[in-house]
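> Let me begin by handing over the structure; questions about it come next.
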Amino acid sequence: MAFRLQHEPPVPLNPHRTFEQFVVGASNAVAFGVSQAIATQVRDCRSPLVICGRTGLGKTHLAQALVHEVHGRHPDLDAVYLTADALVAEIVGAFTGGGIPALRRRLARADVLVVDDAHQLAGRSEEELVQVIDAVHAAQHQMVLTTVAPPRDLQGVRPDLRHRMEQGSIVLIEPPSAETRVAIALRKAAALGKCMPAEVARLVAEECPASVDELEEAVMRLCIAAELQGSELTLALAGEVLAPPPEERLEPARPAPIVRPRRARGRAANSPPGDLAAGVDELREFIRDVGGGRIGEPVVHDHLVDVPLVARDGERYVLRVAVGAYLSEPPSCTFVDEEGGSAADAWPVADEAGPFRSPEFICSPPTAEFYAYHPHRVYHDGEGSLTNAVATVFQALHAPEYRGRGSRRRARRRWGPWHGG
């Protein structure tokens, strides 16, 4: 189904990925300035603008911030954000319906067209991307592409696509400096409602030198641990949370990172499942370390794992995690009552603006329901661990958008003993 250009993009934008939330440093100042200039002036740059940088350095943040800014400053203009997977889906749909020329015209009508991770089109839809770039150029509109490397260094890209990219403006994002990483850690902690001391931020920055995504994930883990333990963000806590397992400290350095296989649209990857028993043990260790009495002992029934959770208002829930091929497909999550049955009051309030919506579970990765609701997001093998799923849901139960049980509230029954951390 081809999309219609409108102010709400085909791929949902993260509301937190704005220019205001982007931490600027020497490593990204040029990319930030050019992106901001395009959003302000629109087409004040040779098209396409190509933002290059390794994974996790903020390319997607800048791309989405640019679209947010155009929407805010120029409500009469169309700014469209597409991932490479979303563009492929549109092209496939247009081929099926015989509407490729019409699709090119619709894309070219966008005043600003952003294609994120354009390098992923190599070997798939390069010819169509070339045609789209030409159509946007002919319309004198602005196109923005993000890639993992400068066009000349992209592997497997056709010469004509590389040539089109090199005709535009190319800006690089480098790994952030130590000062920038500290600033990112402080801002991420503040966004999560935590006050992070400077010495803790410096420690996090030292432990995560290469990737903004890795840095923000570390801050999130640290904040969750502090919330679970009811403690402040201290150096001691940061050392515990960020320390690698002992066996990892003894491993020799690897010549290259391991690239995990990817899968699209929530379908299981062709990789062997992980060890569910080991995943349960990892979850129990996580509960012992950071449970703080608000995550109960998991109960395993074959492929179902029930975990008691206490929300920020003191309400008690039972999260049921249904596990398929462990670590090669994301788990499915729901809430059940104390007897393990499905009931309306087993759920938090299902609010359109909140993190929960029954019967679908709309929270954040790594749940299967999330990928079903966000078809353009890609699940990576190994990310759907029990620990990740439980930590994600616990965080949602403590989010500002959590609304409790509302009108479904009832007198709490006595639970059997459960062994929090």
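So you can find residues: chains in the structure tokens are A, B, ... in the order shown, residues in each start at 1, and ligands are numbered from 1 in order.
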Got a sec: who's within 10 Å of A:Ala277, counting only C-alpha atoms, leaving out chain neighbours fewer than 6 positions off, as a VMD selection string?
chain A and resid 283 300 326
> How about saving the chosen residues, C-alpha atoms kept, as a compact mmCIF listing (two decimals), in the first residue's frame?

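The file below, out.txt, is the result:
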```txt
# COMPACT_ATOMS: atom_id res chain seq x y z
CA LEU A 283 17.05 -13.21 34.98
CA VAL A 300 8.58 -21.22 34.75
CA TYR A 326 14.81 -18.21 22.67
```
> Can you list, as a list in words, every residue of stretch 285-398 of chain A that DSSP puts in alpha helix (DSSP H)?
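Alpha helix (DSSP H) assignments inside stretch 285-398 of chain A correspond to Glu285, Phe286, Ile287, Arg288, Asp289, Val290, Ala368, Glu369, Phe370, Tyr371, Ala372, Tyr373, Leu386, Thr387, Asn388, Ala389, Val390, Ala391, Thr392, Val393, Phe394, Gln395, Ala396 and Leu397 of chain A.
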> Pull N, CA and C atoms from the residues just selected and write them as a PDB file, in the first residue's frame.

```pdb
ATOM      1  N   GLU A 285      19.609 -13.855  38.423  1.00  0.00           N
ATOM      2  CA  GLU A 285      20.782 -13.114  38.883  1.00  0.00           C
ATOM      3  C   GLU A 285      20.519 -11.612  38.821  1.00  0.00           C
ATOM      4  N   PHE A 286      19.845 -11.179  37.746  1.00  0.00           N
ATOM      5  CA  PHE A 286      19.485  -9.768  37.612  1.00  0.00           C
ATOM      6  C   PHE A 286      18.569  -9.334  38.761  1.00  0.00           C
ATOM      7  N   ILE A 287      17.591 -10.181  39.111  1.00  0.00           N
ATOM      8  CA  ILE A 287      16.666  -9.853  40.189  1.00  0.00           C
ATOM      9  C   ILE A 287      17.400  -9.776  41.525  1.00  0.00           C
ATOM     10  N   ARG A 288      18.312 -10.718  41.752  1.00  0.00           N
ATOM     11  CA  ARG A 288      19.087 -10.688  42.999  1.00  0.00           C
ATOM     12  C   ARG A 288      19.937  -9.420  43.099  1.00  0.00           C
ATOM     13  N   ASP A 289      20.503  -9.009  41.965  1.00  0.00           N
ATOM     14  CA  ASP A 289      21.414  -7.866  41.996  1.00  0.00           C
ATOM     15  C   ASP A 289      20.683  -6.540  42.127  1.00  0.00           C
ATOM     16  N   VAL A 290      19.581  -6.364  41.387  1.00  0.00           N
ATOM     17  CA  VAL A 290      18.953  -5.046  41.322  1.00  0.00           C
ATOM     18  C   VAL A 290      17.446  -5.092  41.567  1.00  0.00           C
ATOM     19  N   ALA A 368       7.639  -9.077  21.033  1.00  0.00           N
ATOM     20  CA  ALA A 368       7.093  -9.411  19.717  1.00  0.00           C
ATOM     21  C   ALA A 368       5.959  -8.469  19.343  1.00  0.00           C
ATOM     22  N   GLU A 369       5.167  -8.051  20.340  1.00  0.00           N
ATOM     23  CA  GLU A 369       4.064  -7.143  20.070  1.00  0.00           C
ATOM     24  C   GLU A 369       4.563  -5.806  19.530  1.00  0.00           C
ATOM     25  N   PHE A 370       5.708  -5.360  20.039  1.00  0.00           N
ATOM     26  CA  PHE A 370       6.275  -4.104  19.545  1.00  0.00           C
ATOM     27  C   PHE A 370       6.596  -4.213  18.053  1.00  0.00           C
ATOM     28  N   TYR A 371       7.231  -5.320  17.654  1.00  0.00           N
ATOM     29  CA  TYR A 371       7.616  -5.456  16.253  1.00  0.00           C
ATOM     30  C   TYR A 371       6.400  -5.647  15.359  1.00  0.00           C
ATOM     31  N   ALA A 372       5.336  -6.259  15.889  1.00  0.00           N
ATOM     32  CA  ALA A 372       4.117  -6.400  15.107  1.00  0.00           C
ATOM     33  C   ALA A 372       3.484  -5.039  14.862  1.00  0.00           C
ATOM     34  N   TYR A 373       3.615  -4.140  15.834  1.00  0.00           N
ATOM     35  CA  TYR A 373       2.996  -2.818  15.723  1.00  0.00           C
ATOM     36  C   TYR A 373       3.903  -1.828  14.989  1.00  0.00           C
ATOM     37  N   LEU A 386      15.122 -12.703  28.410  1.00  0.00           N
ATOM     38  CA  LEU A 386      14.152 -12.520  29.492  1.00  0.00           C
ATOM     39  C   LEU A 386      14.490 -11.289  30.317  1.00  0.00           C
ATOM     40  N   THR A 387      15.782 -11.086  30.605  1.00  0.00           N
ATOM     41  CA  THR A 387      16.188  -9.941  31.409  1.00  0.00           C
ATOM     42  C   THR A 387      15.812  -8.635  30.719  1.00  0.00           C
ATOM     43  N   ASN A 388      16.068  -8.537  29.413  1.00  0.00           N
ATOM     44  CA  ASN A 388      15.714  -7.322  28.681  1.00  0.00           C
ATOM     45  C   ASN A 388      14.208  -7.084  28.697  1.00  0.00           C
ATOM     46  N   ALA A 389      13.437  -8.142  28.476  1.00  0.00           N
ATOM     47  CA  ALA A 389      11.984  -7.997  28.434  1.00  0.00           C
ATOM     48  C   ALA A 389      11.445  -7.538  29.781  1.00  0.00           C
ATOM     49  N   VAL A 390      11.893  -8.175  30.865  1.00  0.00           N
ATOM     50  CA  VAL A 390      11.400  -7.815  32.199  1.00  0.00           C
ATOM     51  C   VAL A 390      11.828  -6.395  32.557  1.00  0.00           C
ATOM     52  N   ALA A 391      13.085  -6.034  32.286  1.00  0.00           N
ATOM     53  CA  ALA A 391      13.560  -4.681  32.599  1.00  0.00           C
ATOM     54  C   ALA A 391      12.780  -3.638  31.810  1.00  0.00           C
ATOM     55  N   THR A 392      12.446  -3.943  30.547  1.00  0.00           N
ATOM     56  CA  THR A 392      11.697  -3.004  29.717  1.00  0.00           C
ATOM     57  C   THR A 392      10.295  -2.776  30.274  1.00  0.00           C
ATOM     58  N   VAL A 393       9.614  -3.853  30.645  1.00  0.00           N
ATOM     59  CA  VAL A 393       8.257  -3.721  31.173  1.00  0.00           C
ATOM     60  C   VAL A 393       8.272  -3.046  32.538  1.00  0.00           C
ATOM     61  N   PHE A 394       9.252  -3.380  33.377  1.00  0.00           N
ATOM     62  CA  PHE A 394       9.344  -2.730  34.683  1.00  0.00           C
ATOM     63  C   PHE A 394       9.523  -1.224  34.510  1.00  0.00           C
ATOM     64  N   GLN A 395      10.352  -0.826  33.557  1.00  0.00           N
ATOM     65  CA  GLN A 395      10.559   0.596  33.324  1.00  0.00           C
ATOM     66  C   GLN A 395       9.246   1.262  32.907  1.00  0.00           C
ATOM     67  N   ALA A 396       8.450   0.583  32.061  1.00  0.00           N
ATOM     68  CA  ALA A 396       7.161   1.141  31.640  1.00  0.00           C
ATOM     69  C   ALA A 396       6.209   1.291  32.820  1.00  0.00           C
ATOM     70  N   LEU A 397       6.250   0.359  33.781  1.00  0.00           N
ATOM     71  CA  LEU A 397       5.399   0.458  34.979  1.00  0.00           C
ATOM     72  C   LEU A 397       5.831   1.598  35.881  1.00  0.00           C
TER      73      LEU A 397
END
```
> Using only C-alpha atoms, what does the table of stretch 24-66 of chain A residues within 12 Å of stretch 115-133 of chain A look like, with each row giving the shortest atom pair and its distance in Å to one decimal, sorted by chain and ascending number, as a Markdown table?

```
| residue | atom | partner | partner_atom | distance |
| --- | --- | --- | --- | --- |
| A:Ser47 | CA | A:Ile133 | CA | 8.5 |
| A:Pro48 | CA | A:Ile133 | CA | 7.5 |
| A:Leu49 | CA | A:Val115 | CA | 10.5 |
| A:Val50 | CA | A:Ala118 | CA | 9.4 |
| A:Ile51 | CA | A:Asp116 | CA | 9.3 |
| A:Cys52 | CA | A:Asp117 | CA | 9.5 |
| A:Gly53 | CA | A:Asp117 | CA | 10.3 |
| A:Arg54 | CA | A:Asp117 | CA | 10.6 |
| A:Thr55 | CA | A:Asp117 | CA | 9.4 |
| A:Gly56 | CA | A:Asp117 | CA | 11.7 |
| A:Gly58 | CA | A:Asp116 | CA | 11.4 |
| A:Lys59 | CA | A:Asp116 | CA | 8.1 |
| A:Thr60 | CA | A:Asp116 | CA | 6.6 |
| A:His61 | CA | A:Asp116 | CA | 10.1 |
| A:Leu62 | CA | A:Asp116 | CA | 10.1 |
| A:Ala63 | CA | A:Asp116 | CA | 7.2 |
| A:Gln64 | CA | A:Asp116 | CA | 9.0 |
| A:Leu66 | CA | A:Asp116 | CA | 11.9 |
```
> Taking N, CA, C and O atoms for each residue, export the selection above as an mmCIF file, in the first residue's frame.

```
data_model
loop_
_atom_site.group_PDB
_atom_site.id
_atom_site.type_symbol
_atom_site.label_atom_id
_atom_site.label_comp_id
_atom_site.auth_asym_id
_atom_site.auth_seq_id
_atom_site.Cartn_x
_atom_site.Cartn_y
_atom_site.Cartn_z
ATOM 1 N N SER A 47 21.567 19.177 -2.911
ATOM 2 C CA SER A 47 20.850 17.932 -2.637
ATOM 3 C C SER A 47 21.453 16.808 -3.471
ATOM 4 O O SER A 47 21.812 17.021 -4.634
ATOM 5 N N PRO A 48 21.584 15.600 -2.896
ATOM 6 C CA PRO A 48 21.191 15.233 -1.528
ATOM 7 C C PRO A 48 22.260 15.581 -0.502
ATOM 8 O O PRO A 48 23.444 15.611 -0.820
ATOM 9 N N LEU A 49 21.806 15.827 0.724
ATOM 10 C CA LEU A 49 22.720 15.885 1.857
ATOM 11 C C LEU A 49 22.940 14.453 2.330
ATOM 12 O O LEU A 49 21.976 13.722 2.574
ATOM 13 N N VAL A 50 24.203 14.033 2.445
ATOM 14 C CA VAL A 50 24.528 12.689 2.905
ATOM 15 C C VAL A 50 25.217 12.814 4.265
ATOM 16 O O VAL A 50 26.292 13.402 4.366
ATOM 17 N N ILE A 51 24.569 12.282 5.310
ATOM 18 C CA ILE A 51 25.122 12.282 6.662
ATOM 19 C C ILE A 51 25.758 10.919 6.890
ATOM 20 O O ILE A 51 25.071 9.899 6.865
ATOM 21 N N CYS A 52 27.067 10.893 7.105
ATOM 22 C CA CYS A 52 27.809 9.639 7.201
ATOM 23 C C CYS A 52 28.339 9.444 8.612
ATOM 24 O O CYS A 52 28.799 10.385 9.249
ATOM 25 N N GLY A 53 28.314 8.227 9.068
ATOM 26 C CA GLY A 53 28.875 7.916 10.379
ATOM 27 C C GLY A 53 28.582 6.488 10.762
ATOM 28 O O GLY A 53 27.605 5.890 10.288
ATOM 29 N N ARG A 54 29.422 5.932 11.632
ATOM 30 C CA ARG A 54 29.205 4.560 12.082
ATOM 31 C C ARG A 54 27.873 4.424 12.811
ATOM 32 O O ARG A 54 27.307 5.408 13.300
ATOM 33 N N THR A 55 27.407 3.205 12.913
ATOM 34 C CA THR A 55 26.164 2.925 13.632
ATOM 35 C C THR A 55 26.268 3.395 15.081
ATOM 36 O O THR A 55 27.275 3.166 15.751
ATOM 37 N N GLY A 56 25.212 4.046 15.548
ATOM 38 C CA GLY A 56 25.153 4.443 16.950
ATOM 39 C C GLY A 56 25.705 5.809 17.265
ATOM 40 O O GLY A 56 25.811 6.171 18.439
ATOM 41 N N GLY A 58 24.366 8.823 16.035
ATOM 42 C CA GLY A 58 23.368 9.885 16.045
ATOM 43 C C GLY A 58 22.828 10.291 14.685
ATOM 44 O O GLY A 58 22.156 11.319 14.578
ATOM 45 N N LYS A 59 23.089 9.498 13.625
ATOM 46 C CA LYS A 59 22.576 9.860 12.305
ATOM 47 C C LYS A 59 21.046 9.877 12.290
ATOM 48 O O LYS A 59 20.433 10.809 11.768
ATOM 49 N N THR A 60 20.439 8.839 12.856
ATOM 50 C CA THR A 60 18.976 8.765 12.876
ATOM 51 C C THR A 60 18.385 9.898 13.707
ATOM 52 O O THR A 60 17.355 10.481 13.347
ATOM 53 N N HIS A 61 19.035 10.224 14.812
ATOM 54 C CA HIS A 61 18.564 11.338 15.644
ATOM 55 C C HIS A 61 18.534 12.620 14.816
ATOM 56 O O HIS A 61 17.522 13.348 14.802
ATOM 57 N N LEU A 62 19.627 12.920 14.105
ATOM 58 C CA LEU A 62 19.667 14.137 13.292
ATOM 59 C C LEU A 62 18.619 14.107 12.186
ATOM 60 O O LEU A 62 17.947 15.111 11.915
ATOM 61 N N ALA A 63 18.483 12.953 11.527
ATOM 62 C CA ALA A 63 17.527 12.848 10.423
ATOM 63 C C ALA A 63 16.106 13.102 10.910
ATOM 64 O O ALA A 63 15.329 13.838 10.271
ATOM 65 N N GLN A 64 15.747 12.513 12.045
ATOM 66 C CA GLN A 64 14.394 12.718 12.567
ATOM 67 C C GLN A 64 14.222 14.129 13.115
ATOM 68 O O GLN A 64 13.144 14.728 12.992
ATOM 69 N N LEU A 66 15.570 16.791 11.951
ATOM 70 C CA LEU A 66 15.368 17.667 10.801
ATOM 71 C C LEU A 66 13.899 17.669 10.382
ATOM 72 O O LEU A 66 13.311 18.732 10.113
#
```
> Using DSSP assignments from the backbone, pull out every residue in stretch 126-339 of chain A that falls under strand (DSSP E or B) and give it to me as a PyMOL selection string.
chain A and resi 142-147+169-172+262-264+295+299-301+304-310+316-322+326+329+332-336
> Put those residues in a file: N, CA and C atoms, as an mmCIF file, in the first residue's frame.

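That gives us selection.cif:
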```cif
data_model
loop_
_atom_site.group_PDB
_atom_site.id
_atom_site.type_symbol
_atom_site.label_atom_id
_atom_site.label_comp_id
_atom_site.auth_asym_id
_atom_site.auth_seq_id
_atom_site.Cartn_x
_atom_site.Cartn_y
_atom_site.Cartn_z
ATOM 1 N N GLN A 142 14.548 19.049 -1.521
ATOM 2 C CA GLN A 142 15.711 18.631 -0.736
ATOM 3 C C GLN A 142 15.601 17.167 -0.345
ATOM 4 N N MET A 143 16.693 16.425 -0.518
ATOM 5 C CA MET A 143 16.750 15.030 -0.091
ATOM 6 C C MET A 143 17.900 14.868 0.885
ATOM 7 N N VAL A 144 17.684 14.026 1.907
ATOM 8 C CA VAL A 144 18.695 13.755 2.921
ATOM 9 C C VAL A 144 18.844 12.242 3.031
ATOM 10 N N LEU A 145 20.078 11.761 2.968
ATOM 11 C CA LEU A 145 20.372 10.334 3.105
ATOM 12 C C LEU A 145 21.324 10.152 4.276
ATOM 13 N N THR A 146 21.177 9.056 5.016
ATOM 14 C CA THR A 146 22.176 8.697 6.020
ATOM 15 C C THR A 146 22.812 7.373 5.615
ATOM 16 N N THR A 147 24.122 7.276 5.829
ATOM 17 C CA THR A 147 24.861 6.065 5.479
ATOM 18 C C THR A 147 25.929 5.808 6.534
ATOM 19 N N SER A 169 25.946 17.289 -0.846
ATOM 20 C CA SER A 169 26.796 17.692 0.271
ATOM 21 C C SER A 169 27.017 16.485 1.174
ATOM 22 N N ILE A 170 28.246 16.276 1.614
ATOM 23 C CA ILE A 170 28.596 15.132 2.450
ATOM 24 C C ILE A 170 29.160 15.646 3.770
ATOM 25 N N VAL A 171 28.560 15.217 4.876
ATOM 26 C CA VAL A 171 29.037 15.604 6.209
ATOM 27 C C VAL A 171 29.269 14.347 7.032
ATOM 28 N N LEU A 172 30.258 14.390 7.903
ATOM 29 C CA LEU A 172 30.647 13.230 8.699
ATOM 30 C C LEU A 172 30.299 13.440 10.162
ATOM 31 N N ARG A 262 20.168 -10.352 11.025
ATOM 32 C CA ARG A 262 18.995 -9.508 11.192
ATOM 33 C C ARG A 262 17.783 -10.192 10.591
ATOM 34 N N ARG A 263 16.633 -9.806 11.075
ATOM 35 C CA ARG A 263 15.412 -10.319 10.482
ATOM 36 C C ARG A 263 14.410 -9.183 10.420
ATOM 37 N N ALA A 264 13.509 -9.258 9.486
ATOM 38 C CA ALA A 264 12.570 -8.172 9.280
ATOM 39 C C ALA A 264 11.162 -8.600 9.638
ATOM 40 N N ILE A 295 10.752 -6.833 42.041
ATOM 41 C CA ILE A 295 10.626 -7.859 41.004
ATOM 42 C C ILE A 295 10.683 -9.207 41.718
ATOM 43 N N VAL A 299 8.509 -17.724 37.803
ATOM 44 C CA VAL A 299 7.937 -19.070 37.839
ATOM 45 C C VAL A 299 7.852 -19.567 36.400
ATOM 46 N N VAL A 300 8.467 -20.711 36.123
ATOM 47 C CA VAL A 300 8.579 -21.216 34.754
ATOM 48 C C VAL A 300 7.593 -22.351 34.543
ATOM 49 N N HIS A 301 6.766 -22.227 33.495
ATOM 50 C CA HIS A 301 5.862 -23.306 33.071
ATOM 51 C C HIS A 301 6.177 -23.604 31.616
ATOM 52 N N LEU A 304 6.474 -20.725 29.221
ATOM 53 C CA LEU A 304 5.918 -19.521 29.826
ATOM 54 C C LEU A 304 6.694 -19.180 31.095
ATOM 55 N N VAL A 305 7.019 -17.900 31.267
ATOM 56 C CA VAL A 305 7.725 -17.432 32.457
ATOM 57 C C VAL A 305 6.902 -16.312 33.081
ATOM 58 N N ASP A 306 6.416 -16.504 34.306
ATOM 59 C CA ASP A 306 5.634 -15.505 35.034
ATOM 60 C C ASP A 306 6.531 -14.776 36.017
ATOM 61 N N VAL A 307 6.487 -13.443 35.986
ATOM 62 C CA VAL A 307 7.341 -12.626 36.848
ATOM 63 C C VAL A 307 6.477 -11.584 37.556
ATOM 64 N N PRO A 308 6.382 -11.608 38.908
ATOM 65 C CA PRO A 308 5.655 -10.568 39.630
ATOM 66 C C PRO A 308 6.420 -9.246 39.582
ATOM 67 N N LEU A 309 5.690 -8.141 39.371
ATOM 68 C CA LEU A 309 6.288 -6.806 39.306
ATOM 69 C C LEU A 309 5.458 -5.838 40.142
ATOM 70 N N VAL A 310 6.115 -4.923 40.804
ATOM 71 C CA VAL A 310 5.439 -3.869 41.559
ATOM 72 C C VAL A 310 5.617 -2.552 40.814
ATOM 73 N N ARG A 316 0.488 -4.379 42.166
ATOM 74 C CA ARG A 316 1.221 -5.573 41.813
ATOM 75 C C ARG A 316 0.638 -6.200 40.552
ATOM 76 N N TYR A 317 1.534 -6.603 39.659
ATOM 77 C CA TYR A 317 1.153 -7.224 38.402
ATOM 78 C C TYR A 317 1.936 -8.527 38.224
ATOM 79 N N VAL A 318 1.422 -9.385 37.363
ATOM 80 C CA VAL A 318 2.165 -10.580 36.963
ATOM 81 C C VAL A 318 2.401 -10.481 35.464
ATOM 82 N N LEU A 319 3.666 -10.360 35.073
ATOM 83 C CA LEU A 319 4.033 -10.331 33.663
ATOM 84 C C LEU A 319 4.249 -11.760 33.189
ATOM 85 N N ARG A 320 3.581 -12.136 32.127
ATOM 86 C CA ARG A 320 3.779 -13.457 31.533
ATOM 87 C C ARG A 320 4.551 -13.296 30.229
ATOM 88 N N VAL A 321 5.710 -13.939 30.160
ATOM 89 C CA VAL A 321 6.560 -13.884 28.977
ATOM 90 C C VAL A 321 6.469 -15.234 28.265
ATOM 91 N N ALA A 322 5.936 -15.229 27.043
ATOM 92 C CA ALA A 322 5.858 -16.447 26.235
ATOM 93 C C ALA A 322 7.089 -16.506 25.340
ATOM 94 N N TYR A 326 14.185 -19.194 21.791
ATOM 95 C CA TYR A 326 14.811 -18.207 22.667
ATOM 96 C C TYR A 326 16.022 -17.555 22.001
ATOM 97 N N GLU A 329 14.031 -15.151 18.279
ATOM 98 C CA GLU A 329 12.820 -14.400 17.991
ATOM 99 C C GLU A 329 12.387 -13.705 19.273
ATOM 100 N N SER A 332 6.899 -12.820 23.551
ATOM 101 C CA SER A 332 5.601 -12.152 23.597
ATOM 102 C C SER A 332 5.211 -11.943 25.047
ATOM 103 N N CYS A 333 4.646 -10.778 25.360
ATOM 104 C CA CYS A 333 4.364 -10.422 26.751
ATOM 105 C C CYS A 333 2.891 -10.096 26.946
ATOM 106 N N THR A 334 2.367 -10.470 28.114
ATOM 107 C CA THR A 334 1.016 -10.089 28.520
ATOM 108 C C THR A 334 0.987 -10.047 30.037
ATOM 109 N N PHE A 335 -0.127 -9.591 30.606
ATOM 110 C CA PHE A 335 -0.317 -9.618 32.046
ATOM 111 C C PHE A 335 -1.400 -10.643 32.382
ATOM 112 N N VAL A 336 -1.221 -11.346 33.488
ATOM 113 C CA VAL A 336 -2.208 -12.305 33.973
ATOM 114 C C VAL A 336 -2.499 -12.003 35.427
#
```
> With distances taken over only C-alpha atoms, which residue among A:Ala191, A:Gly279, A:Ala86, A:Leu57 lies nearest A:Pro209?
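Closest residue, counting only C-alpha atoms: A:Leu57.
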> Between atom CA of A:Ala39 and atom CA of A:Val70, what is the distance in Å, rounded to a tenth?
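Between these atoms lies a distance of 5.1 Å.
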> Please determine, counting only C-alpha atoms, which residue among A:Pro159, A:Gly293, A:Pro151, A:Gly340 has the shortest atom-to-atom distance to A:Gly314.
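For A:Gly314, the nearest of the candidates is A:Gly293.
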> Which of these residues is nearest to A:Leu13, using only C-alpha atoms: A:Ala31, A:Ala79, A:Ala236, A:Cys363?
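For A:Leu13, the nearest of the given residues is A:Ala79.
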> So what do you get for atom CA of A:Ala238 versus atom CA of A:His380, distance-wise?
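Between atom CA of A:Ala238 and atom CA of A:His380 the gap is 26.4 Å.
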